[in-house]
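Colleague: Below is the structure I would like to discuss, written out as structure tokens.
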Amino acid sequence: MKDWKPTANLKALRLRAELYALLRHFFAERGVLEVETPVMSASGNTDPNIESFALDFDGPKAAGAGSRWLRTSPEFPLKRLLAASVGDCYELGRVFRNGEAGKRHNPEFTMLEWYRVGWDHHRLMDETAELLKAAMALAGRRATVRDTSFRQLYLDKFGFDPLIAPEEELRSPLLVFGIDPAGLTRDDWLDLLMTHLIQPSIPASRILLVYDYPASQCALARLRPGNPPVAERFEAFLGPLEVANGYHELNDATEQRARFEADLARRRARNASQPAIDERLLASLPKLPACAGVALGVDRLMMALMGTDRIADVMAFPFERA
């Protein structure tokens with residue numbers, strides 16, 4: 001058996017260790033507390049586009065619910081800590097997503113997630129850029145920063161307003177790819193425009209920050225009224241790789257429950273699993289302070305630092321060798 005060896009070389013392993021040290025120093029200097037939260041939870045992620053790993057606990061029933069889910073991010077328990085007045089905090093740890101395997105994906109990967117009390121998504125977006133530039137410097141590289149609204153990005157690239165353009169107009173630039181339109185929604189076409197035509201054109205030395213997404217892509221972000229309304233969230237791209245996703249966090253439990261239930265309805269329509277809604281999160285939301293949070297894919301960042309498009313190059317043992 002020859003696949004016992006790591007797929008990442010010693011340079012990559014050392015760079016990862018240096019990156020972790022840099023991240024911890026970055027937040028220590030800013031007074032952001034490192035915390036640790038559970039990897040297994042009695043509730044799962046309802047997002048229709050993310051599949052959680054499920055497992056069963058065989059111990060005493062008094063210990064808690066037997067059905068458990070491996071976390072897809074530490075978001076929910078981190079927000080419970082914020083609601084308990086912990087203040088600015090972050091976690092650096094492993095997360096799990098079922099079915100996500102390939103050249104740029106591994107079912108088990110490392111996520112950095114942090115929250116800033118009293119901040120909005122724009123202020124956190126700026127701090128994310130600072131962290132990314134510091135990481136690039138660690139690898140002896142520089143990066144320029146550009147920020148733009150989701151709306152303006154698509155206007156500049158395609159000449160149409162992504163928030164109101166008819167679906168046929170969204171599909172037009174993608175005809176060359178021969179994509180089967182069956183079952184695809186408006187948001188799917190917007191995502192395909194991003195992954196197929198926008199991301200590949202981002203220079204490797206560019207940090208692109210895109211903010212104010214369509215309301216239909218609000219996830220756990222606040223909605224800002226307008227015509228049309230927008231979701232107060234952002235995504236950060238380092239070259240062609242999406243590396244971070246942040247929100248001006250919603251703290252309305254009634255609205256969040258409605259979003260979770262809408263997610264589960266979409267999952268039922270796809271015959272997907274039905275993770276339990278996180279009732280503890282919902283109970284904490286009325287006490288969640290105004291804040292912004294962001295999740296950053298550390299392995300994606302490592303790929304950008306190493307100049308590779310293979311996640312296996314930055315992991316000691318990817319899924320197929322685990």
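Residues are referred to by chain and number: the chain letter is A, B, ... according to the order shown in the structure tokens, the number counts from 1 in that chain, and ligands are numbered separately from 1 in the order shown.
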Go through range 108-151 of chain A residue by residue and, counting only C-alpha atoms, keep those with an atom at most 10 Å from range 69-81 of chain A; for each kept residue give the shortest atom pair and its distance in Å to one decimal, ordered by chain and increasing number, as JSON lines.
Modeller:
{"residue": "A:Glu108", "atom": "CA", "partner": "A:Thr72", "partner_atom": "CA", "distance": 9.2}
{"residue": "A:Phe109", "atom": "CA", "partner": "A:Thr72", "partner_atom": "CA", "distance": 9.5}
{"residue": "A:Thr110", "atom": "CA", "partner": "A:Ser73", "partner_atom": "CA", "distance": 9.4}
{"residue": "A:Met111", "atom": "CA", "partner": "A:Ser73", "partner_atom": "CA", "distance": 7.2}
{"residue": "A:Leu112", "atom": "CA", "partner": "A:Pro74", "partner_atom": "CA", "distance": 8.9}
{"residue": "A:Glu113", "atom": "CA", "partner": "A:Pro74", "partner_atom": "CA", "distance": 7.3}
{"residue": "A:Trp114", "atom": "CA", "partner": "A:Leu78", "partner_atom": "CA", "distance": 8.4}
{"residue": "A:Tyr115", "atom": "CA", "partner": "A:Leu78", "partner_atom": "CA", "distance": 8.2}
Colleague: Would you output that residue set with all heavy atoms, as an mmCIF file, in the first residue's frame?
Modeller:
data_model
loop_
_atom_site.group_PDB
_atom_site.id
_atom_site.type_symbol
_atom_site.label_atom_id
_atom_site.label_comp_id
_atom_site.auth_asym_id
_atom_site.auth_seq_id
_atom_site.Cartn_x
_atom_site.Cartn_y
_atom_site.Cartn_z
ATOM 1 N N GLU A 108 -13.703 16.911 5.440
ATOM 2 C CA GLU A 108 -13.220 17.416 6.726
ATOM 3 C C GLU A 108 -12.206 18.515 6.437
ATOM 4 O O GLU A 108 -11.244 18.299 5.700
ATOM 5 C CB GLU A 108 -12.567 16.282 7.515
ATOM 6 C CG GLU A 108 -11.953 16.707 8.832
ATOM 7 C CD GLU A 108 -11.242 15.566 9.544
ATOM 8 O OE1 GLU A 108 -11.211 14.444 9.000
ATOM 9 O OE2 GLU A 108 -10.705 15.805 10.646
ATOM 10 N N PHE A 109 -12.432 19.698 6.990
ATOM 11 C CA PHE A 109 -11.516 20.801 6.716
ATOM 12 C C PHE A 109 -11.456 21.747 7.902
ATOM 13 O O PHE A 109 -12.163 21.549 8.900
ATOM 14 C CB PHE A 109 -11.900 21.530 5.424
ATOM 15 C CG PHE A 109 -13.295 22.113 5.410
ATOM 16 C CD1 PHE A 109 -13.506 23.464 5.647
ATOM 17 C CD2 PHE A 109 -14.401 21.314 5.130
ATOM 18 C CE1 PHE A 109 -14.786 24.014 5.616
ATOM 19 C CE2 PHE A 109 -15.688 21.855 5.092
ATOM 20 C CZ PHE A 109 -15.868 23.204 5.342
ATOM 21 N N THR A 110 -10.611 22.752 7.818
ATOM 22 C CA THR A 110 -10.390 23.675 8.932
ATOM 23 C C THR A 110 -11.049 25.012 8.650
ATOM 24 O O THR A 110 -10.882 25.580 7.575
ATOM 25 C CB THR A 110 -8.885 23.878 9.187
ATOM 26 O OG1 THR A 110 -8.294 22.610 9.457
ATOM 27 C CG2 THR A 110 -8.654 24.795 10.376
ATOM 28 N N MET A 111 -11.777 25.499 9.645
ATOM 29 C CA MET A 111 -12.473 26.778 9.523
ATOM 30 C C MET A 111 -12.049 27.708 10.645
ATOM 31 O O MET A 111 -11.892 27.290 11.787
ATOM 32 C CB MET A 111 -13.989 26.571 9.560
ATOM 33 C CG MET A 111 -14.810 27.844 9.421
ATOM 34 S SD MET A 111 -16.603 27.508 9.377
ATOM 35 C CE MET A 111 -16.766 26.832 7.715
ATOM 36 N N LEU A 112 -11.852 28.956 10.289
ATOM 37 C CA LEU A 112 -11.655 30.033 11.256
ATOM 38 C C LEU A 112 -12.926 30.872 11.239
ATOM 39 O O LEU A 112 -13.349 31.339 10.181
ATOM 40 C CB LEU A 112 -10.454 30.892 10.858
ATOM 41 C CG LEU A 112 -10.298 32.217 11.609
ATOM 42 C CD1 LEU A 112 -9.926 31.974 13.070
ATOM 43 C CD2 LEU A 112 -9.259 33.102 10.923
ATOM 44 N N GLU A 113 -13.536 31.051 12.411
ATOM 45 C CA GLU A 113 -14.744 31.871 12.464
ATOM 46 C C GLU A 113 -14.615 32.843 13.628
ATOM 47 O O GLU A 113 -14.213 32.456 14.725
ATOM 48 C CB GLU A 113 -15.991 30.984 12.628
ATOM 49 C CG GLU A 113 -17.288 31.755 12.532
ATOM 50 C CD GLU A 113 -18.475 30.890 12.101
ATOM 51 O OE1 GLU A 113 -18.266 29.833 11.491
ATOM 52 O OE2 GLU A 113 -19.614 31.293 12.374
ATOM 53 N N TRP A 114 -14.923 34.128 13.366
ATOM 54 C CA TRP A 114 -14.827 35.107 14.445
ATOM 55 C C TRP A 114 -15.960 36.126 14.370
ATOM 56 O O TRP A 114 -16.581 36.319 13.321
ATOM 57 C CB TRP A 114 -13.467 35.769 14.464
ATOM 58 C CG TRP A 114 -13.131 36.829 13.452
ATOM 59 C CD1 TRP A 114 -13.204 38.178 13.634
ATOM 60 C CD2 TRP A 114 -12.592 36.641 12.119
ATOM 61 N NE1 TRP A 114 -12.758 38.842 12.510
ATOM 62 C CE2 TRP A 114 -12.368 37.925 11.576
ATOM 63 C CE3 TRP A 114 -12.278 35.502 11.362
ATOM 64 C CZ2 TRP A 114 -11.861 38.104 10.280
ATOM 65 C CZ3 TRP A 114 -11.770 35.687 10.090
ATOM 66 C CH2 TRP A 114 -11.568 36.961 9.560
ATOM 67 N N TYR A 115 -16.210 36.751 15.539
ATOM 68 C CA TYR A 115 -17.314 37.687 15.706
ATOM 69 C C TYR A 115 -16.837 38.952 16.393
ATOM 70 O O TYR A 115 -16.017 38.902 17.310
ATOM 71 C CB TYR A 115 -18.440 37.042 16.536
ATOM 72 C CG TYR A 115 -19.150 35.961 15.764
ATOM 73 C CD1 TYR A 115 -18.618 34.676 15.699
ATOM 74 C CD2 TYR A 115 -20.315 36.225 15.059
ATOM 75 C CE1 TYR A 115 -19.228 33.682 14.965
ATOM 76 C CE2 TYR A 115 -20.939 35.238 14.316
ATOM 77 C CZ TYR A 115 -20.389 33.973 14.269
ATOM 78 O OH TYR A 115 -20.999 32.986 13.525
#
Colleague: Using DSSP on the backbone coordinates, identify all residues within range 18-226 of chain A classified as strand (DSSP E or B); present the result as a PyMOL selection string.
Modeller: chain A and resi 33-34+40-41+54-56+67-70+89-96+108-117+144-149+206-214+221+223-224
Colleague: Would you mind listing what lies within 10 Å of range 199-208 of chain A as JSON, numbers by chain, with only C-alpha atoms counted and same-chain residues fewer than 4 positions away left out?
Modeller: {"A": [128, 129, 132, 133, 136, 141, 142, 143, 144, 145, 146, 147, 148, 192, 193, 194, 195, 235, 236, 237, 238, 239, 240, 241, 242, 243, 304, 305, 307]}
Colleague: If we count only C-alpha atoms, what is near range 318-322 of chain A at a cut-off of 7 Å, once residues fewer than 3 positions away on the same chain are taken out, given as a list of chain:residue names?
Modeller: A:Asp3, A:Trp4, A:Asn106, A:Pro107, A:Ala312, A:Met315
Colleague: Hey, which of A:Ala292, A:Gln256, A:Ser149, A:Asn271 ends up closest to Cys89 in chain A? Count only C-alpha atoms.
Modeller: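 So, comparing all the options, the nearest one is A:Ala292.
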Colleague: What does the distance between CA of Ala135 in chain A and CA of Leu19 in chain A come to in Å, to one decimal place?
Modeller: 6.8 Å
Colleague: Find the residues around Ala231 in chain A up to 10 Å (only C-alpha atoms counted), leave out those fewer than 6 positions away in its own chain, and share them as a list of chain:residue names.
Modeller: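 Counting only the stated atoms, we get A:Tyr211, A:Asp212, A:Tyr213, A:Pro214, A:Ala215, A:Ser216, A:Gln217, A:Cys218, A:Ala219, A:Leu220, A:Ala221, A:Arg222, A:Leu223, A:Arg224, A:Pro225, A:Tyr247, A:His248.
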Colleague: Keeping only N, CA and C atoms, write the selected residues as an mmCIF file, in the first residue's frame.
Modeller:
data_model
loop_
_atom_site.group_PDB
_atom_site.id
_atom_site.type_symbol
_atom_site.label_atom_id
_atom_site.label_comp_id
_atom_site.auth_asym_id
_atom_site.auth_seq_id
_atom_site.Cartn_x
_atom_site.Cartn_y
_atom_site.Cartn_z
ATOM 1 N N TYR A 211 -20.045 42.752 -1.363
ATOM 2 C CA TYR A 211 -20.995 42.935 -0.265
ATOM 3 C C TYR A 211 -22.406 43.216 -0.772
ATOM 4 N N ASP A 212 -23.376 43.110 0.150
ATOM 5 C CA ASP A 212 -24.793 43.366 -0.104
ATOM 6 C C ASP A 212 -25.351 42.427 -1.178
ATOM 7 N N TYR A 213 -25.615 41.203 -0.764
ATOM 8 C CA TYR A 213 -26.086 40.139 -1.654
ATOM 9 C C TYR A 213 -27.604 40.191 -1.846
ATOM 10 N N PRO A 214 -28.129 39.471 -2.838
ATOM 11 C CA PRO A 214 -29.580 39.422 -3.014
ATOM 12 C C PRO A 214 -30.273 38.948 -1.737
ATOM 13 N N ALA A 215 -31.454 39.469 -1.476
ATOM 14 C CA ALA A 215 -32.185 39.110 -0.260
ATOM 15 C C ALA A 215 -32.454 37.615 -0.182
ATOM 16 N N SER A 216 -32.595 36.973 -1.342
ATOM 17 C CA SER A 216 -32.860 35.530 -1.373
ATOM 18 C C SER A 216 -31.671 34.718 -0.887
ATOM 19 N N GLN A 217 -30.499 35.354 -0.753
ATOM 20 C CA GLN A 217 -29.289 34.675 -0.285
ATOM 21 C C GLN A 217 -28.882 35.191 1.105
ATOM 22 N N CYS A 218 -29.889 35.512 1.919
ATOM 23 C CA CYS A 218 -29.615 36.157 3.207
ATOM 24 C C CYS A 218 -29.024 35.210 4.242
ATOM 25 N N ALA A 219 -29.357 33.906 4.186
ATOM 26 C CA ALA A 219 -28.866 32.927 5.169
ATOM 27 C C ALA A 219 -29.144 33.435 6.584
ATOM 28 N N LEU A 220 -28.109 33.759 7.349
ATOM 29 C CA LEU A 220 -28.293 34.240 8.728
ATOM 30 C C LEU A 220 -27.942 35.731 8.855
ATOM 31 N N ALA A 221 -28.003 36.448 7.729
ATOM 32 C CA ALA A 221 -27.664 37.875 7.732
ATOM 33 C C ALA A 221 -28.916 38.742 7.850
ATOM 34 N N ARG A 222 -28.710 39.963 8.293
ATOM 35 C CA ARG A 222 -29.807 40.934 8.336
ATOM 36 C C ARG A 222 -30.194 41.350 6.917
ATOM 37 N N LEU A 223 -31.453 41.702 6.759
ATOM 38 C CA LEU A 223 -31.926 42.285 5.508
ATOM 39 C C LEU A 223 -32.037 43.795 5.680
ATOM 40 N N ARG A 224 -31.568 44.540 4.688
ATOM 41 C CA ARG A 224 -31.700 45.991 4.712
ATOM 42 C C ARG A 224 -32.794 46.394 3.744
ATOM 43 N N PRO A 225 -33.827 47.073 4.224
ATOM 44 C CA PRO A 225 -34.928 47.455 3.335
ATOM 45 C C PRO A 225 -34.445 48.315 2.183
ATOM 46 N N TYR A 247 -21.408 37.950 7.729
ATOM 47 C CA TYR A 247 -22.753 38.510 7.878
ATOM 48 C C TYR A 247 -22.777 39.639 8.910
ATOM 49 N N HIS A 248 -23.639 40.619 8.675
ATOM 50 C CA HIS A 248 -24.139 41.467 9.744
ATOM 51 C C HIS A 248 -25.262 40.646 10.348
#
Colleague: Of the residues A:Glu127, A:Asp56, A:Asp191, A:Asp156, which is the one nearest to Ser41 in chain A, using only C-alpha atoms?
Modeller: A:Asp56
Colleague: Output as a short mmCIF file (atom, residue, chain, number, x, y, z; two decimals) with N, CA, C and O atoms, in the first residue's frame all residues of range 77-303 of chain A that backbone DSSP marks as alpha helix (DSSP H).
Modeller:
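Saved the output as result24.cif:
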data_model
loop_
_atom_site.label_atom_id
_atom_site.label_comp_id
_atom_site.auth_asym_id
_atom_site.auth_seq_id
_atom_site.Cartn_x
_atom_site.Cartn_y
_atom_site.Cartn_z
N PRO A 77 -23.01 27.65 18.25
CA PRO A 77 -22.52 27.79 19.63
C PRO A 77 -21.74 29.07 19.86
O PRO A 77 -21.78 29.62 20.98
N LEU A 78 -21.05 29.59 18.86
CA LEU A 78 -20.36 30.86 19.04
C LEU A 78 -21.36 31.98 19.31
O LEU A 78 -21.12 32.86 20.15
N LYS A 79 -22.48 31.96 18.62
CA LYS A 79 -23.50 32.98 18.85
C LYS A 79 -24.11 32.84 20.24
O LYS A 79 -24.45 33.85 20.88
N ARG A 80 -24.23 31.62 20.73
CA ARG A 80 -24.72 31.42 22.10
C ARG A 80 -23.74 32.01 23.12
O ARG A 80 -24.14 32.56 24.14
N LEU A 81 -22.45 31.89 22.84
CA LEU A 81 -21.46 32.51 23.72
C LEU A 81 -21.58 34.04 23.68
O LEU A 81 -21.49 34.71 24.71
N LEU A 82 -21.78 34.59 22.48
CA LEU A 82 -21.96 36.03 22.36
C LEU A 82 -23.19 36.49 23.14
O LEU A 82 -23.16 37.54 23.80
N ALA A 83 -24.27 35.72 23.06
CA ALA A 83 -25.50 36.05 23.78
C ALA A 83 -25.28 35.99 25.29
O ALA A 83 -25.99 36.66 26.05
N HIS A 121 -21.12 44.53 8.70
CA HIS A 121 -20.38 43.69 7.76
C HIS A 121 -19.28 44.46 7.04
O HIS A 121 -18.28 43.87 6.63
N HIS A 122 -19.44 45.76 6.89
CA HIS A 122 -18.40 46.54 6.20
C HIS A 122 -17.13 46.63 7.05
O HIS A 122 -16.01 46.48 6.54
N ARG A 123 -17.30 46.88 8.33
CA ARG A 123 -16.13 46.99 9.20
C ARG A 123 -15.42 45.63 9.30
O ARG A 123 -14.18 45.56 9.28
N LEU A 124 -16.19 44.56 9.40
CA LEU A 124 -15.58 43.23 9.47
C LEU A 124 -14.92 42.85 8.15
O LEU A 124 -13.90 42.17 8.13
N MET A 125 -15.50 43.30 7.06
CA MET A 125 -14.92 43.07 5.74
C MET A 125 -13.52 43.67 5.67
O MET A 125 -12.59 43.03 5.15
N ASP A 126 -13.34 44.86 6.24
CA ASP A 126 -12.03 45.50 6.24
C ASP A 126 -11.03 44.70 7.08
O ASP A 126 -9.87 44.55 6.69
N GLU A 127 -11.48 44.19 8.23
CA GLU A 127 -10.57 43.40 9.06
C GLU A 127 -10.20 42.09 8.38
O GLU A 127 -9.06 41.62 8.49
N THR A 128 -11.14 41.50 7.66
CA THR A 128 -10.86 40.28 6.92
C THR A 128 -9.76 40.53 5.88
O THR A 128 -8.85 39.71 5.71
N ALA A 129 -9.83 41.67 5.21
CA ALA A 129 -8.80 42.01 4.23
C ALA A 129 -7.45 42.17 4.92
O ALA A 129 -6.41 41.75 4.38
N GLU A 130 -7.43 42.78 6.11
CA GLU A 130 -6.17 42.94 6.85
C GLU A 130 -5.57 41.57 7.17
O GLU A 130 -4.36 41.36 7.03
N LEU A 131 -6.40 40.64 7.61
CA LEU A 131 -5.91 39.31 7.94
C LEU A 131 -5.38 38.61 6.70
O LEU A 131 -4.31 37.97 6.74
N LEU A 132 -6.08 38.72 5.58
CA LEU A 132 -5.64 38.07 4.35
C LEU A 132 -4.32 38.66 3.86
O LEU A 132 -3.44 37.93 3.38
N LYS A 133 -4.16 39.96 3.97
CA LYS A 133 -2.89 40.57 3.57
C LYS A 133 -1.74 40.10 4.46
O LYS A 133 -0.63 39.85 3.97
N ALA A 134 -2.01 39.97 5.75
CA ALA A 134 -0.98 39.48 6.67
C ALA A 134 -0.60 38.04 6.33
O ALA A 134 0.58 37.67 6.37
N ALA A 135 -1.60 37.23 5.96
CA ALA A 135 -1.32 35.85 5.58
C ALA A 135 -0.51 35.79 4.29
O ALA A 135 0.43 34.99 4.17
N MET A 136 -0.83 36.64 3.34
CA MET A 136 -0.07 36.67 2.09
C MET A 136 1.38 37.07 2.35
O MET A 136 2.30 36.50 1.76
N ALA A 137 1.58 38.03 3.25
CA ALA A 137 2.93 38.46 3.58
C ALA A 137 3.74 37.32 4.19
O ALA A 137 4.96 37.22 3.98
N LEU A 138 3.05 36.45 4.93
CA LEU A 138 3.71 35.29 5.52
C LEU A 138 4.35 34.41 4.45
O LEU A 138 5.41 33.81 4.66
N PHE A 150 -22.38 43.51 -4.71
CA PHE A 150 -22.78 42.41 -5.59
C PHE A 150 -23.42 42.99 -6.86
O PHE A 150 -23.12 42.56 -7.98
N ARG A 151 -24.28 43.95 -6.67
CA ARG A 151 -25.00 44.55 -7.80
C ARG A 151 -24.03 45.18 -8.79
O ARG A 151 -24.12 44.95 -10.00
N GLN A 152 -23.08 45.98 -8.28
CA GLN A 152 -22.15 46.68 -9.18
C GLN A 152 -21.22 45.71 -9.87
O GLN A 152 -20.84 45.92 -11.03
N LEU A 153 -20.82 44.65 -9.17
CA LEU A 153 -19.93 43.65 -9.77
C LEU A 153 -20.54 43.06 -11.03
O LEU A 153 -19.89 42.94 -12.07
N TYR A 154 -21.82 42.69 -10.96
CA TYR A 154 -22.48 42.07 -12.10
C TYR A 154 -22.79 43.10 -13.18
O TYR A 154 -22.74 42.79 -14.38
N LEU A 155 -23.10 44.31 -12.77
CA LEU A 155 -23.31 45.38 -13.76
C LEU A 155 -22.03 45.60 -14.56
O LEU A 155 -22.07 45.73 -15.79
N ASP A 156 -20.90 45.67 -13.87
CA ASP A 156 -19.63 45.91 -14.55
C ASP A 156 -19.24 44.75 -15.46
O ASP A 156 -18.70 44.96 -16.55
N LYS A 157 -19.51 43.53 -15.02
CA LYS A 157 -19.07 42.35 -15.76
C LYS A 157 -20.00 41.99 -16.91
O LYS A 157 -19.55 41.64 -18.01
N PHE A 158 -21.31 42.09 -16.66
CA PHE A 158 -22.27 41.59 -17.65
C PHE A 158 -23.21 42.66 -18.22
O PHE A 158 -23.90 42.41 -19.20
N GLU A 167 -34.54 36.09 -15.58
CA GLU A 167 -33.68 34.90 -15.51
C GLU A 167 -33.03 34.58 -16.85
O GLU A 167 -31.89 34.12 -16.90
N GLU A 168 -33.75 34.83 -17.94
CA GLU A 168 -33.19 34.55 -19.26
C GLU A 168 -31.92 35.36 -19.50
O GLU A 168 -30.96 34.90 -20.14
N GLU A 169 -31.88 36.58 -18.97
CA GLU A 169 -30.71 37.44 -19.13
C GLU A 169 -29.54 36.90 -18.30
O GLU A 169 -28.38 36.97 -18.73
N LEU A 170 -29.85 36.34 -17.14
CA LEU A 170 -28.81 35.75 -16.31
C LEU A 170 -28.19 34.53 -16.98
O LEU A 170 -26.99 34.29 -16.87
N ARG A 171 -29.01 33.78 -17.68
CA ARG A 171 -28.55 32.54 -18.29
C ARG A 171 -27.71 32.77 -19.55
O ARG A 171 -26.86 31.95 -19.90
N ARG A 186 -33.12 30.96 -9.87
CA ARG A 186 -32.46 32.25 -10.15
C ARG A 186 -31.14 32.35 -9.39
O ARG A 186 -30.12 32.77 -9.94
N ASP A 187 -31.15 31.97 -8.11
CA ASP A 187 -29.92 32.02 -7.32
C ASP A 187 -28.86 31.07 -7.85
O ASP A 187 -27.66 31.36 -7.78
N ASP A 188 -29.28 29.93 -8.38
CA ASP A 188 -28.32 29.00 -8.98
C ASP A 188 -27.60 29.66 -10.16
O ASP A 188 -26.38 29.52 -10.32
N TRP A 189 -28.35 30.38 -10.99
CA TRP A 189 -27.73 31.04 -12.15
C TRP A 189 -26.78 32.14 -11.71
O TRP A 189 -25.69 32.31 -12.29
N LEU A 190 -27.15 32.87 -10.65
CA LEU A 190 -26.24 33.89 -10.13
C LEU A 190 -24.95 33.26 -9.61
O LEU A 190 -23.85 33.79 -9.83
N ASP A 191 -25.09 32.12 -8.93
CA ASP A 191 -23.91 31.42 -8.43
C ASP A 191 -23.03 30.91 -9.58
O ASP A 191 -21.80 30.97 -9.52
N LEU A 192 -23.66 30.41 -10.61
CA LEU A 192 -22.91 29.89 -11.76
C LEU A 192 -22.16 31.01 -12.49
O LEU A 192 -21.03 30.82 -12.96
N LEU A 193 -22.78 32.17 -12.57
CA LEU A 193 -22.08 33.32 -13.16
C LEU A 193 -20.84 33.66 -12.35
O LEU A 193 -19.79 33.99 -12.91
N ALA A 253 -35.25 36.14 16.48
CA ALA A 253 -35.51 34.70 16.57
C ALA A 253 -36.70 34.28 15.71
O ALA A 253 -36.69 33.19 15.12
N THR A 254 -37.73 35.10 15.64
CA THR A 254 -38.91 34.76 14.84
C THR A 254 -38.55 34.67 13.36
O THR A 254 -38.94 33.73 12.66
N GLU A 255 -37.81 35.65 12.88
CA GLU A 255 -37.38 35.65 11.48
C GLU A 255 -36.44 34.48 11.21
O GLU A 255 -36.54 33.81 10.17
N GLN A 256 -35.52 34.21 12.16
CA GLN A 256 -34.58 33.11 11.94
C GLN A 256 -35.29 31.77 11.90
O GLN A 256 -34.96 30.90 11.10
N ARG A 257 -36.30 31.58 12.76
CA ARG A 257 -37.06 30.33 12.73
C ARG A 257 -37.76 30.16 11.38
O ARG A 257 -37.77 29.07 10.80
N ALA A 258 -38.33 31.24 10.88
CA ALA A 258 -39.01 31.17 9.58
C ALA A 258 -38.03 30.78 8.48
O ALA A 258 -38.37 29.99 7.58
N ARG A 259 -36.80 31.29 8.54
CA ARG A 259 -35.79 30.92 7.54
C ARG A 259 -35.40 29.45 7.67
O ARG A 259 -35.25 28.75 6.66
N PHE A 260 -35.23 28.97 8.91
CA PHE A 260 -34.91 27.56 9.11
C PHE A 260 -36.02 26.66 8.54
O PHE A 260 -35.75 25.65 7.89
N GLU A 261 -37.26 27.03 8.81
CA GLU A 261 -38.39 26.22 8.34
C GLU A 261 -38.49 26.25 6.82
O GLU A 261 -38.82 25.24 6.19
N ALA A 262 -38.17 27.39 6.21
CA ALA A 262 -38.15 27.47 4.75
C ALA A 262 -37.04 26.59 4.18
O ALA A 262 -37.21 25.92 3.16
N ASP A 263 -35.89 26.57 4.86
CA ASP A 263 -34.80 25.67 4.45
C ASP A 263 -35.25 24.22 4.48
O ASP A 263 -34.99 23.45 3.53
N LEU A 264 -35.91 23.83 5.56
CA LEU A 264 -36.34 22.43 5.70
C LEU A 264 -37.37 22.06 4.65
O LEU A 264 -37.40 20.93 4.16
N ALA A 265 -38.22 23.02 4.28
CA ALA A 265 -39.20 22.76 3.22
C ALA A 265 -38.50 22.49 1.90
O ALA A 265 -38.88 21.58 1.15
N ARG A 266 -37.45 23.25 1.60
CA ARG A 266 -36.69 23.02 0.38
C ARG A 266 -35.96 21.68 0.44
O ARG A 266 -35.85 20.97 -0.57
N ARG A 267 -35.48 21.32 1.62
CA ARG A 267 -34.81 20.03 1.77
C ARG A 267 -35.79 18.87 1.57
O ARG A 267 -35.45 17.85 0.97
N ARG A 268 -37.01 19.03 2.08
CA ARG A 268 -38.02 17.98 1.88
C ARG A 268 -38.33 17.81 0.40
O ARG A 268 -38.49 16.69 -0.09
N ALA A 269 -38.40 18.91 -0.33
CA ALA A 269 -38.68 18.84 -1.76
C ALA A 269 -37.58 18.10 -2.51
O ALA A 269 -37.83 17.53 -3.58
N GLU A 279 -32.84 24.80 18.64
CA GLU A 279 -33.71 25.58 19.52
C GLU A 279 -32.89 26.40 20.53
O GLU A 279 -33.32 27.47 20.95
N ARG A 280 -31.73 25.89 20.91
CA ARG A 280 -30.90 26.65 21.85
C ARG A 280 -30.39 27.94 21.21
O ARG A 280 -30.31 28.99 21.86
N LEU A 281 -30.04 27.86 19.92
CA LEU A 281 -29.65 29.09 19.22
C LEU A 281 -30.80 30.08 19.21
O LEU A 281 -30.62 31.26 19.53
N LEU A 282 -31.99 29.61 18.82
CA LEU A 282 -33.14 30.51 18.74
C LEU A 282 -33.45 31.13 20.09
O LEU A 282 -33.81 32.31 20.18
N ALA A 283 -33.31 30.35 21.17
CA ALA A 283 -33.57 30.88 22.51
C ALA A 283 -32.57 31.96 22.89
O ALA A 283 -32.88 32.87 23.66
N SER A 284 -31.36 31.88 22.31
CA SER A 284 -30.31 32.85 22.65
C SER A 284 -30.38 34.13 21.83
O SER A 284 -29.84 35.17 22.25
N VAL A 298 -9.65 27.88 6.04
CA VAL A 298 -8.19 27.92 6.19
C VAL A 298 -7.49 27.14 5.09
O VAL A 298 -6.43 27.56 4.59
N ASP A 299 -8.06 26.02 4.67
CA ASP A 299 -7.43 25.23 3.61
C ASP A 299 -7.46 25.98 2.29
O ASP A 299 -6.50 25.92 1.51
N ARG A 300 -8.56 26.70 2.02
CA ARG A 300 -8.62 27.54 0.82
C ARG A 300 -7.55 28.63 0.88
O ARG A 300 -6.89 28.93 -0.12
N LEU A 301 -7.38 29.22 2.06
CA LEU A 301 -6.34 30.24 2.21
C LEU A 301 -4.97 29.63 1.99
O LEU A 301 -4.12 30.22 1.30
N MET A 302 -4.75 28.44 2.52
CA MET A 302 -3.48 27.75 2.30
C MET A 302 -3.23 27.50 0.82
O MET A 302 -2.11 27.65 0.32
N MET A 303 -4.28 27.12 0.09
CA MET A 303 -4.14 26.89 -1.35
C MET A 303 -3.68 28.16 -2.05
O MET A 303 -2.81 28.13 -2.93
#
Colleague: Work out how far CA of Ala54 in chain A is from CA of Ser67 in chain A, in Å to one decimal.
Modeller: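 These two atoms are separated by 7.3 Å.
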Colleague: Excluding Val314 in chain A and residues on its chain fewer than 4 positions from it, collect all residues at most 8 Å away from it, counting only C-alpha atoms, and give them as a ChimeraX atom specification.
Modeller: /A:7-9,12-13,16,299,302-303,306,310
Colleague: Got a sec: who's within 9 Å of Ala42 in chain A, counting only C-alpha atoms, leaving out chain neighbours fewer than 5 positions off, as a PyMOL selection string?
Modeller: chain A and resi 64-69+275-278
Colleague: Rank A:Leu22, A:Ala101, A:Val210, A:Cys291 by their smallest atom-to-atom distance to Phe234 in chain A, using only C-alpha atoms, and report the top residue only.
Modeller: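 Once distances to Phe234 in chain A are computed over only C-alpha atoms, the minimum belongs to A:Val210.
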Colleague: Nearest residue to Glu36 in chain A out of A:Asp161, A:Glu100, A:Glu232, A:Glu91, using only C-alpha atoms?
Modeller: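 The shortest atom-to-atom distance to Glu36 in chain A comes from A:Glu91.
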